[in-house]
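Down below is the structure, laid out as structure tokens.
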Amino acid sequence: MKITVPHCGQMDIFINAVCRKIGPDFIIPPKTSPRTLDLGIKYSPESTCLPFKFILGNFIEALEKGADTICMISDHGPCRVGMYDIVMQNILREMGYQFTWITLDNARILKSYLLTFDRERRKRKVSLMDALRALHFGWKKMKVCEEIERWTQKIRPYEVNRGETTRVFSEYLRLIDGVANSRELQIARGDALLRLATIEQDRTRHPLKMVITGEGYMVINPHANQDIERRLGEMGVEVTRTMWFTSQISYALRLDLLKKRSKSKAIRASKRYLPHNIGGECNASIGYAILYAREGYNGVIQLLPFGCILESVAKNILRIVSRDYDIPILSFSLTENLSETTIMTRLSAFVDLIQRRRKGKERCPYA
Amino acid sequence: MKGYLGIDVGSVSTNLAVIDEEGNVCCHRYLLTRGQPIRAVQAGLGEISGLLPEEMEIRGVGTTGSARQLAGVMVGADVVKNEITAHAVGTTRFFPNVRTILEIGGQDSKIIIVRDGFVVDFAMNTVCAAGTGSFLDQQALRLGIPIDQFGQYALRSKSPARIAGRCTVFAESDMVHKQQIGCNLEDIIAGLCEALVRNYLNNVAKGKEILEPIIFQGGVASNEGIRSAFEGELGKKIQIPEFFNVMGAIGAALLAQEGTDGLGETQFKGFGVINLHCKTRSFECRECENACEIVEFSIGDEVTAYWGDRCGKWENTL
């Protein structure tokens, strides 16, 4: 059995860490590239959302590499991810591929993930202890990756040589992907933080602080959001985002109750505007904008795939949040046809808007 | 005397403006880009250098528009800015209390909401070019009317025909249909203007609070038909500034003044660039899966700039 999953953030590092210890064999699709998207566009229904096209492209490339089992999450409710599994299976079978399809049901975590995992473990005669240890090691790796990434987000707006922070970050991601035990992981972590600290910085700058929120796939994947985090960072903005591997898992397992910026807190914060949790990331998108506005962030960017119904609801409510909390919010509807110029024009206009506003406030603080 | 030059290279027109230290416009030019931004900038510089007041020295240059980066490396710009900021800065210079800016250019249309002299919100057309200058140009050509008379035709109409403005393809087939059933030209043109304005208000300006004073600028502002359709639809007064078609360039010049303020040194390469042989070349970088499209800019045989690389690898080679 050769399992494949779609690319999503740095999840491949987690999967590599686990399956190198206890199996089974994974075939990670080639990194998402323009070819991936071209394949996805070619075989997808035209009006489907952007994540569908990327993910289908990932699957095609993984099947080309020899994968025979596809693992894909599903959901209930208004988000279109609920129909991904059926539609994708049909498309891929019509293309002539043969494979087994495993649907992981997001609404039934216990049955779908944990029991599937446990059955698989027993079948392959892996002891429970080894399995838990492997999972824990993978989890620790993700924690370290995210810690380093949070530092790169803070350092990037100060860097003197454009691109240096990003290069250091991807170099250490590769290194961390390769380490085999906790001791090596700690050494790699120390090295990475040290190396980041030596990046030439201009500390006289006064970066703006922005948060990227919205539909999860668009927020976590640089290939889907046209690398918006890096672009903003290089324009001198300290960026953070609302979607992380560990925060998402913690939320799903209800382990994030005590965290300061947890998804459950965000959903609670959105209650005033949208009392019912309508699913997807809609309520969280609204709630995170509120949480970060309270923390004193200067701006919010909401990312949504063109045609996403849930985020369109959030987009309209965010307009009211923007007024109530006096924080600029830019909604970005992304399609495969968006040109780089359009993105840069809007992003830089948004950064200018906030910068000029801040300058104006400094000049006459009581206006 | 100190002067500041602003260059706005758009898809359809290339505009230049020179301001003095007080921010007054000394001279300006409006040229067609014709798909050749390098040549348009060179031609524009040539024309404007002849219009400069005597003893004026250019102390700062700003570029904007979709070819801002190209124009920037070519002339040696001190400031390279997006057109939304440039337009807002230009307009607030002349109308400090403006609250809404409607801008319709050759390929894009935007709305900028200003409060107390600061931009608070903006939007641009995303997926559709209906209602922009290029489409009007094309329709004028098809109907055999000079574009500068398009607006007058619209104003003469007594009962505008109803035309679908959602999409240029539908608008065009709807216009042909109205022609064939015998509507007269004036009514069709007036109907088209109304359709475009409806489209703009329902897409670009959706959900924005349009308050007076409203300034309408960009090349399409010269079209009286569109202007009166806006007034009819909004029920508000629309003002068209004197420099409506070079406002972006004026904004870029003002930003250049702001950007070089206190520095004193400009990057401007001088009007000599008119005679230089500039060329661009683009290729796909194959180093990683990003496959960035890199643009290489060279003057003569010497490569002077790269852009388009996400990682900064090419940019840092120079």
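For the structure tokens, the naming scheme is as follows: chains receive sequential letters (A, B, ...) according to their order of presentation, residues are indexed from 1 within each chain, and ligands are indexed from 1 in presentation order.
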
For this session: Provide as a ChimeraX atom specification the residues of chain B at most 7 Å from chain A, counting only C-alpha atoms.
Result: /B:82,84-85,118-120,289-290,311-312

For this session: Tell me, as a list in words, which residues lie within 7 Å of Met124 (chain B), counting only C-alpha atoms; anything in the same chain fewer than 6 positions away does not count.
Result: Ser109, Lys110, Ile111 and Val204 of chain B

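Comparing the minimum interatomic distances between Arg261 (chain A) and each of A:Gly287, A:Gly216, A:Pro157, A:Pro305, counting only C-alpha atoms, we find that A:Gly287 sits nearest.
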
Write out as a PDB file with all heavy atoms, in the first residue's frame the residues lying within 9 Å of Tyr288 (chain A), counting only C-alpha atoms and excluding same-chain residues fewer than 4 positions away.
ATOM      1  N   VAL A 211      -2.533  40.478  10.269  1.00  0.00           N
ATOM      2  CA  VAL A 211      -2.853  39.067  10.409  1.00  0.00           C
ATOM      3  C   VAL A 211      -3.570  38.600   9.148  1.00  0.00           C
ATOM      4  O   VAL A 211      -4.358  39.341   8.569  1.00  0.00           O
ATOM      5  CB  VAL A 211      -3.692  38.806  11.670  1.00  0.00           C
ATOM      6  CG1 VAL A 211      -5.003  39.567  11.647  1.00  0.00           C
ATOM      7  CG2 VAL A 211      -3.973  37.312  11.830  1.00  0.00           C
ATOM      8  N   THR A 213      -6.134  35.929   7.686  1.00  0.00           N
ATOM      9  CA  THR A 213      -7.155  34.990   8.110  1.00  0.00           C
ATOM     10  C   THR A 213      -7.978  34.584   6.892  1.00  0.00           C
ATOM     11  O   THR A 213      -7.691  34.998   5.785  1.00  0.00           O
ATOM     12  CB  THR A 213      -8.029  35.611   9.227  1.00  0.00           C
ATOM     13  OG1 THR A 213      -8.984  34.648   9.638  1.00  0.00           O
ATOM     14  CG2 THR A 213      -8.755  36.852   8.751  1.00  0.00           C
ATOM     15  N   THR A 242      -3.647  32.758  10.871  1.00  0.00           N
ATOM     16  CA  THR A 242      -4.512  32.129  11.860  1.00  0.00           C
ATOM     17  C   THR A 242      -4.530  30.613  11.724  1.00  0.00           C
ATOM     18  O   THR A 242      -5.096  29.937  12.566  1.00  0.00           O
ATOM     19  CB  THR A 242      -5.946  32.641  11.694  1.00  0.00           C
ATOM     20  OG1 THR A 242      -6.358  32.382  10.347  1.00  0.00           O
ATOM     21  CG2 THR A 242      -6.025  34.124  11.951  1.00  0.00           C
ATOM     22  N   ARG A 261      -4.823  32.454  21.595  1.00  0.00           N
ATOM     23  CA  ARG A 261      -5.420  32.775  20.304  1.00  0.00           C
ATOM     24  C   ARG A 261      -6.009  31.530  19.651  1.00  0.00           C
ATOM     25  O   ARG A 261      -5.797  31.272  18.486  1.00  0.00           O
ATOM     26  CB  ARG A 261      -4.359  33.334  19.367  1.00  0.00           C
ATOM     27  CG  ARG A 261      -3.799  34.664  19.783  1.00  0.00           C
ATOM     28  CD  ARG A 261      -2.546  34.887  18.984  1.00  0.00           C
ATOM     29  NE  ARG A 261      -1.965  36.194  19.230  1.00  0.00           N
ATOM     30  CZ  ARG A 261      -0.761  36.533  18.786  1.00  0.00           C
ATOM     31  NH1 ARG A 261      -0.056  35.658  18.089  1.00  0.00           N
ATOM     32  NH2 ARG A 261      -0.287  37.726  19.015  1.00  0.00           N
ATOM     33  N   SER A 262      -6.715  30.733  20.411  1.00  0.00           N
ATOM     34  CA  SER A 262      -7.203  29.477  19.863  1.00  0.00           C
ATOM     35  C   SER A 262      -8.395  29.705  18.954  1.00  0.00           C
ATOM     36  O   SER A 262      -9.060  30.739  19.001  1.00  0.00           O
ATOM     37  CB  SER A 262      -7.611  28.553  21.006  1.00  0.00           C
ATOM     38  OG  SER A 262      -8.765  29.075  21.618  1.00  0.00           O
ATOM     39  N   LYS A 263      -8.654  28.691  18.139  1.00  0.00           N
ATOM     40  CA  LYS A 263      -9.773  28.785  17.223  1.00  0.00           C
ATOM     41  C   LYS A 263     -11.095  28.827  17.989  1.00  0.00           C
ATOM     42  O   LYS A 263     -12.017  29.541  17.592  1.00  0.00           O
ATOM     43  CB  LYS A 263      -9.741  27.582  16.277  1.00  0.00           C
ATOM     44  CG  LYS A 263     -10.661  27.725  15.108  1.00  0.00           C
ATOM     45  CD  LYS A 263     -10.438  26.601  14.111  1.00  0.00           C
ATOM     46  CE  LYS A 263     -11.606  26.494  13.151  1.00  0.00           C
ATOM     47  NZ  LYS A 263     -11.484  25.343  12.252  1.00  0.00           N
ATOM     48  N   LYS A 265     -11.614  30.220  20.862  1.00  0.00           N
ATOM     49  CA  LYS A 265     -11.786  31.593  21.345  1.00  0.00           C
ATOM     50  C   LYS A 265     -12.288  32.485  20.212  1.00  0.00           C
ATOM     51  O   LYS A 265     -13.150  33.340  20.414  1.00  0.00           O
ATOM     52  CB  LYS A 265     -10.454  32.137  21.867  1.00  0.00           C
ATOM     53  CG  LYS A 265     -10.054  31.581  23.200  1.00  0.00           C
ATOM     54  CD  LYS A 265      -9.640  32.697  24.158  1.00  0.00           C
ATOM     55  CE  LYS A 265      -9.547  32.169  25.576  1.00  0.00           C
ATOM     56  NZ  LYS A 265      -8.654  31.001  25.714  1.00  0.00           N
ATOM     57  N   ALA A 266     -11.710  32.272  19.017  1.00  0.00           N
ATOM     58  CA  ALA A 266     -12.109  33.093  17.864  1.00  0.00           C
ATOM     59  C   ALA A 266     -13.585  32.875  17.558  1.00  0.00           C
ATOM     60  O   ALA A 266     -14.335  33.824  17.320  1.00  0.00           O
ATOM     61  CB  ALA A 266     -11.248  32.752  16.654  1.00  0.00           C
ATOM     62  N   ILE A 267     -13.999  31.618  17.590  1.00  0.00           N
ATOM     63  CA  ILE A 267     -15.404  31.332  17.281  1.00  0.00           C
ATOM     64  C   ILE A 267     -16.311  31.982  18.329  1.00  0.00           C
ATOM     65  O   ILE A 267     -17.343  32.560  17.998  1.00  0.00           O
ATOM     66  CB  ILE A 267     -15.630  29.806  17.198  1.00  0.00           C
ATOM     67  CG1 ILE A 267     -14.886  29.266  15.976  1.00  0.00           C
ATOM     68  CG2 ILE A 267     -17.115  29.470  17.106  1.00  0.00           C
ATOM     69  CD1 ILE A 267     -14.898  27.775  15.824  1.00  0.00           C
ATOM     70  N   ALA A 269     -15.615  34.686  19.949  1.00  0.00           N
ATOM     71  CA  ALA A 269     -15.599  36.138  19.739  1.00  0.00           C
ATOM     72  C   ALA A 269     -16.538  36.565  18.609  1.00  0.00           C
ATOM     73  O   ALA A 269     -16.992  37.702  18.554  1.00  0.00           O
ATOM     74  CB  ALA A 269     -14.179  36.600  19.440  1.00  0.00           C
ATOM     75  N   SER A 270     -16.813  35.640  17.678  1.00  0.00           N
ATOM     76  CA  SER A 270     -17.646  35.996  16.526  1.00  0.00           C
ATOM     77  C   SER A 270     -19.136  35.946  16.860  1.00  0.00           C
ATOM     78  O   SER A 270     -19.963  36.374  16.065  1.00  0.00           O
ATOM     79  CB  SER A 270     -17.364  35.051  15.363  1.00  0.00           C
ATOM     80  OG  SER A 270     -17.924  33.782  15.632  1.00  0.00           O
ATOM     81  N   ASN A 283     -16.823  31.442  10.940  1.00  0.00           N
ATOM     82  CA  ASN A 283     -16.885  32.101  12.245  1.00  0.00           C
ATOM     83  C   ASN A 283     -15.493  32.454  12.760  1.00  0.00           C
ATOM     84  O   ASN A 283     -15.298  33.519  13.339  1.00  0.00           O
ATOM     85  CB  ASN A 283     -17.591  31.196  13.258  1.00  0.00           C
ATOM     86  CG  ASN A 283     -19.052  31.054  12.943  1.00  0.00           C
ATOM     87  OD1 ASN A 283     -19.401  30.507  11.900  1.00  0.00           O
ATOM     88  ND2 ASN A 283     -19.899  31.559  13.809  1.00  0.00           N
ATOM     89  N   ALA A 284     -14.530  31.559  12.514  1.00  0.00           N
ATOM     90  CA  ALA A 284     -13.174  31.823  12.978  1.00  0.00           C
ATOM     91  C   ALA A 284     -12.582  33.039  12.271  1.00  0.00           C
ATOM     92  O   ALA A 284     -11.893  33.846  12.893  1.00  0.00           O
ATOM     93  CB  ALA A 284     -12.304  30.599  12.761  1.00  0.00           C
ATOM     94  N   TYR A 292      -7.450  39.887  17.013  1.00  0.00           N
ATOM     95  CA  TYR A 292      -6.218  40.596  16.681  1.00  0.00           C
ATOM     96  C   TYR A 292      -6.421  42.108  16.707  1.00  0.00           C
ATOM     97  O   TYR A 292      -5.492  42.861  17.021  1.00  0.00           O
ATOM     98  CB  TYR A 292      -5.672  40.128  15.330  1.00  0.00           C
ATOM     99  CG  TYR A 292      -4.944  38.810  15.440  1.00  0.00           C
ATOM    100  CD1 TYR A 292      -5.601  37.602  15.240  1.00  0.00           C
ATOM    101  CD2 TYR A 292      -3.599  38.777  15.778  1.00  0.00           C
ATOM    102  CE1 TYR A 292      -4.939  36.391  15.359  1.00  0.00           C
ATOM    103  CE2 TYR A 292      -2.922  37.573  15.904  1.00  0.00           C
ATOM    104  CZ  TYR A 292      -3.600  36.377  15.691  1.00  0.00           C
ATOM    105  OH  TYR A 292      -2.931  35.191  15.821  1.00  0.00           O
ATOM    106  N   ALA A 293      -7.612  42.572  16.375  1.00  0.00           N
ATOM    107  CA  ALA A 293      -7.883  44.011  16.470  1.00  0.00           C
ATOM    108  C   ALA A 293      -7.742  44.449  17.922  1.00  0.00           C
ATOM    109  O   ALA A 293      -7.152  45.483  18.223  1.00  0.00           O
ATOM    110  CB  ALA A 293      -9.279  44.326  15.947  1.00  0.00           C
TER     111      ALA A 293
END

Exercise. Which one of B:Lys269, B:Lys158, B:Lys208, B:Arg93 sits closest to Ile113 (chain B) if you count only C-alpha atoms?
Worked result: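 Of B:Lys269, B:Lys158, B:Lys208, B:Arg93, the one nearest Ile113 (chain B) is B:Lys208, counting only C-alpha atoms.
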
For this session: Find the spatial neighbours of Ala131 (chain A), counting only C-alpha atoms, within a cut-off of 12 Å - ignore same-chain residues fewer than 2 positions away - and output them as a ChimeraX atom specification.
Result: /A:17-24,114,117-122,124-129,133-138

Grab the residues selected above and save them as a CSV table (one decimal), in the first residue's frame with C-alpha atoms.
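Wrote it out as part_18.csv, contents follow:
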chain,number,residue,atom,x,y,z
A,17,ALA,CA,8.5,11.7,10.6
A,18,VAL,CA,5.8,9.2,11.5
A,19,CYS,CA,6.0,6.8,8.5
A,20,ARG,CA,9.8,6.5,8.6
A,21,LYS,CA,9.4,5.1,12.1
A,22,ILE,CA,6.3,2.9,11.8
A,23,GLY,CA,5.1,3.0,8.2
A,24,PRO,CA,3.1,2.6,6.1
A,114,LEU,CA,-8.3,7.3,15.6
A,117,PHE,CA,-5.3,4.5,12.6
A,118,ASP,CA,-5.5,1.9,15.4
A,119,ARG,CA,-6.9,-0.8,13.0
A,120,GLU,CA,-4.0,-0.1,10.6
A,121,ARG,CA,-1.5,-0.2,13.5
A,122,ARG,CA,-2.7,-3.7,14.6
A,124,ARG,CA,0.8,-4.0,10.7
A,125,LYS,CA,1.8,-5.4,14.1
A,126,VAL,CA,3.2,-2.1,15.4
A,127,SER,CA,3.1,-1.8,19.2
A,128,LEU,CA,0.9,1.0,20.7
A,129,MET,CA,4.0,2.4,22.4
A,133,ARG,CA,6.2,7.6,20.2
A,134,ALA,CA,6.3,8.2,16.5
A,135,LEU,CA,3.3,10.4,16.6
A,136,HIS,CA,4.8,12.4,19.4
A,137,PHE,CA,8.1,12.8,17.5
A,138,GLY,CA,6.2,14.1,14.4

For this session: Within 10 Å of Leu201 (chain B), counting only C-alpha atoms, which residues show up once you throw out same-chain ones fewer than 6 positions away? Write them as a PyMOL selection string, please.
Result: chain B and resi 111+195+207-208+210+230+233-234

Can those selected residues be exported to a file as a PDB file, in the first residue's frame so that it contains N, CA, C and O atoms?
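Okay, result20.pdb is ready:
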ATOM      1  N   ILE B 111     -12.358  52.305  -7.178  1.00  0.00           N
ATOM      2  CA  ILE B 111     -13.019  53.295  -6.339  1.00  0.00           C
ATOM      3  C   ILE B 111     -12.155  53.464  -5.105  1.00  0.00           C
ATOM      4  O   ILE B 111     -11.612  52.490  -4.584  1.00  0.00           O
ATOM      5  N   ALA B 195     -25.406  51.085 -18.752  1.00  0.00           N
ATOM      6  CA  ALA B 195     -25.080  49.707 -18.391  1.00  0.00           C
ATOM      7  C   ALA B 195     -23.705  49.628 -17.729  1.00  0.00           C
ATOM      8  O   ALA B 195     -23.514  48.924 -16.736  1.00  0.00           O
ATOM      9  N   GLY B 207     -21.114  47.871  -1.934  1.00  0.00           N
ATOM     10  CA  GLY B 207     -20.961  47.990  -0.486  1.00  0.00           C
ATOM     11  C   GLY B 207     -20.155  49.185  -0.012  1.00  0.00           C
ATOM     12  O   GLY B 207     -19.902  49.326   1.171  1.00  0.00           O
ATOM     13  N   LYS B 208     -19.727  50.047  -0.922  1.00  0.00           N
ATOM     14  CA  LYS B 208     -18.947  51.219  -0.500  1.00  0.00           C
ATOM     15  C   LYS B 208     -19.888  52.403  -0.285  1.00  0.00           C
ATOM     16  O   LYS B 208     -20.885  52.555  -0.998  1.00  0.00           O
ATOM     17  N   ILE B 210     -20.692  55.875  -0.904  1.00  0.00           N
ATOM     18  CA  ILE B 210     -20.295  56.916  -1.858  1.00  0.00           C
ATOM     19  C   ILE B 210     -20.846  58.259  -1.389  1.00  0.00           C
ATOM     20  O   ILE B 210     -22.029  58.527  -1.510  1.00  0.00           O
ATOM     21  N   PHE B 230     -23.576  58.400 -14.325  1.00  0.00           N
ATOM     22  CA  PHE B 230     -23.221  58.324 -12.904  1.00  0.00           C
ATOM     23  C   PHE B 230     -24.115  59.237 -12.082  1.00  0.00           C
ATOM     24  O   PHE B 230     -24.640  58.856 -11.038  1.00  0.00           O
ATOM     25  N   GLU B 233     -27.600  57.792 -11.853  1.00  0.00           N
ATOM     26  CA  GLU B 233     -27.703  56.586 -11.035  1.00  0.00           C
ATOM     27  C   GLU B 233     -27.515  56.893  -9.546  1.00  0.00           C
ATOM     28  O   GLU B 233     -28.189  56.335  -8.698  1.00  0.00           O
ATOM     29  N   LEU B 234     -26.573  57.799  -9.240  1.00  0.00           N
ATOM     30  CA  LEU B 234     -26.274  58.089  -7.836  1.00  0.00           C
ATOM     31  C   LEU B 234     -27.143  59.207  -7.278  1.00  0.00           C
ATOM     32  O   LEU B 234     -27.301  59.325  -6.063  1.00  0.00           O
TER      33      LEU B 234
END

Problem set entry | strand (DSSP E) call set, DSSP backbone run, region 35-269 of chain B, as a ChimeraX atom specification | /B:57-64,79-80,100-104,109-115,118-124,214-217,238-239

Exercise. Between CA of Asp85 (chain A) and CA of Cys308 (chain A), what is the spacing in Å?
Worked result: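 It comes out at 17.5 Å.
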
For this session: Considering only C-alpha atoms, return as a PyMOL selection string whatever protein or nucleic-acid residues lie within 8 Å of Gly65 (chain B), sequence-local ones (same chain, fewer than 5 positions apart) excluded.
Result: chain B and resi 8-10+81-83+248

Please produce a file of those selected residues containing C-alpha atoms, as a JSON list (two decimals), in the first residue's frame.
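Output file selection-v5.json is given in full below:
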[["chain", "number", "residue", "atom", "x", "y", "z"],
["B", 8, "ASP", "CA", 2.13, 56.90, -15.02],
["B", 9, "VAL", "CA", 2.47, 54.05, -17.53],
["B", 10, "GLY", "CA", -0.88, 52.40, -17.96],
["B", 81, "LYS", "CA", 4.16, 53.36, -6.17],
["B", 82, "ASN", "CA", 0.92, 51.56, -6.90],
["B", 83, "GLU", "CA", -1.69, 53.56, -8.79],
["B", 248, "GLY", "CA", -1.85, 59.37, -11.43]]

Exercise. Can you list, as a PyMOL selection string, every residue of region 16-242 of chain B that DSSP puts in alpha helix (DSSP H)?
Worked result: chain B and resi 37-51+68-75+83-94+133-143+150-155+168-180+185-203+224-234

For this session: Can you work out the spacing between CA of Gly235 (chain B) and CA of Gly106 (chain B) in Å, to one decimal?
Result: 25.7 Å

Exercise. Phe271 (chain B): which residues within 12 Å, counting only C-alpha atoms, same-chain residues fewer than 4 positions away excluded, as a ChimeraX atom specification?
Worked result: /B:5,41-50,52,57-58,61,74-76,275-276
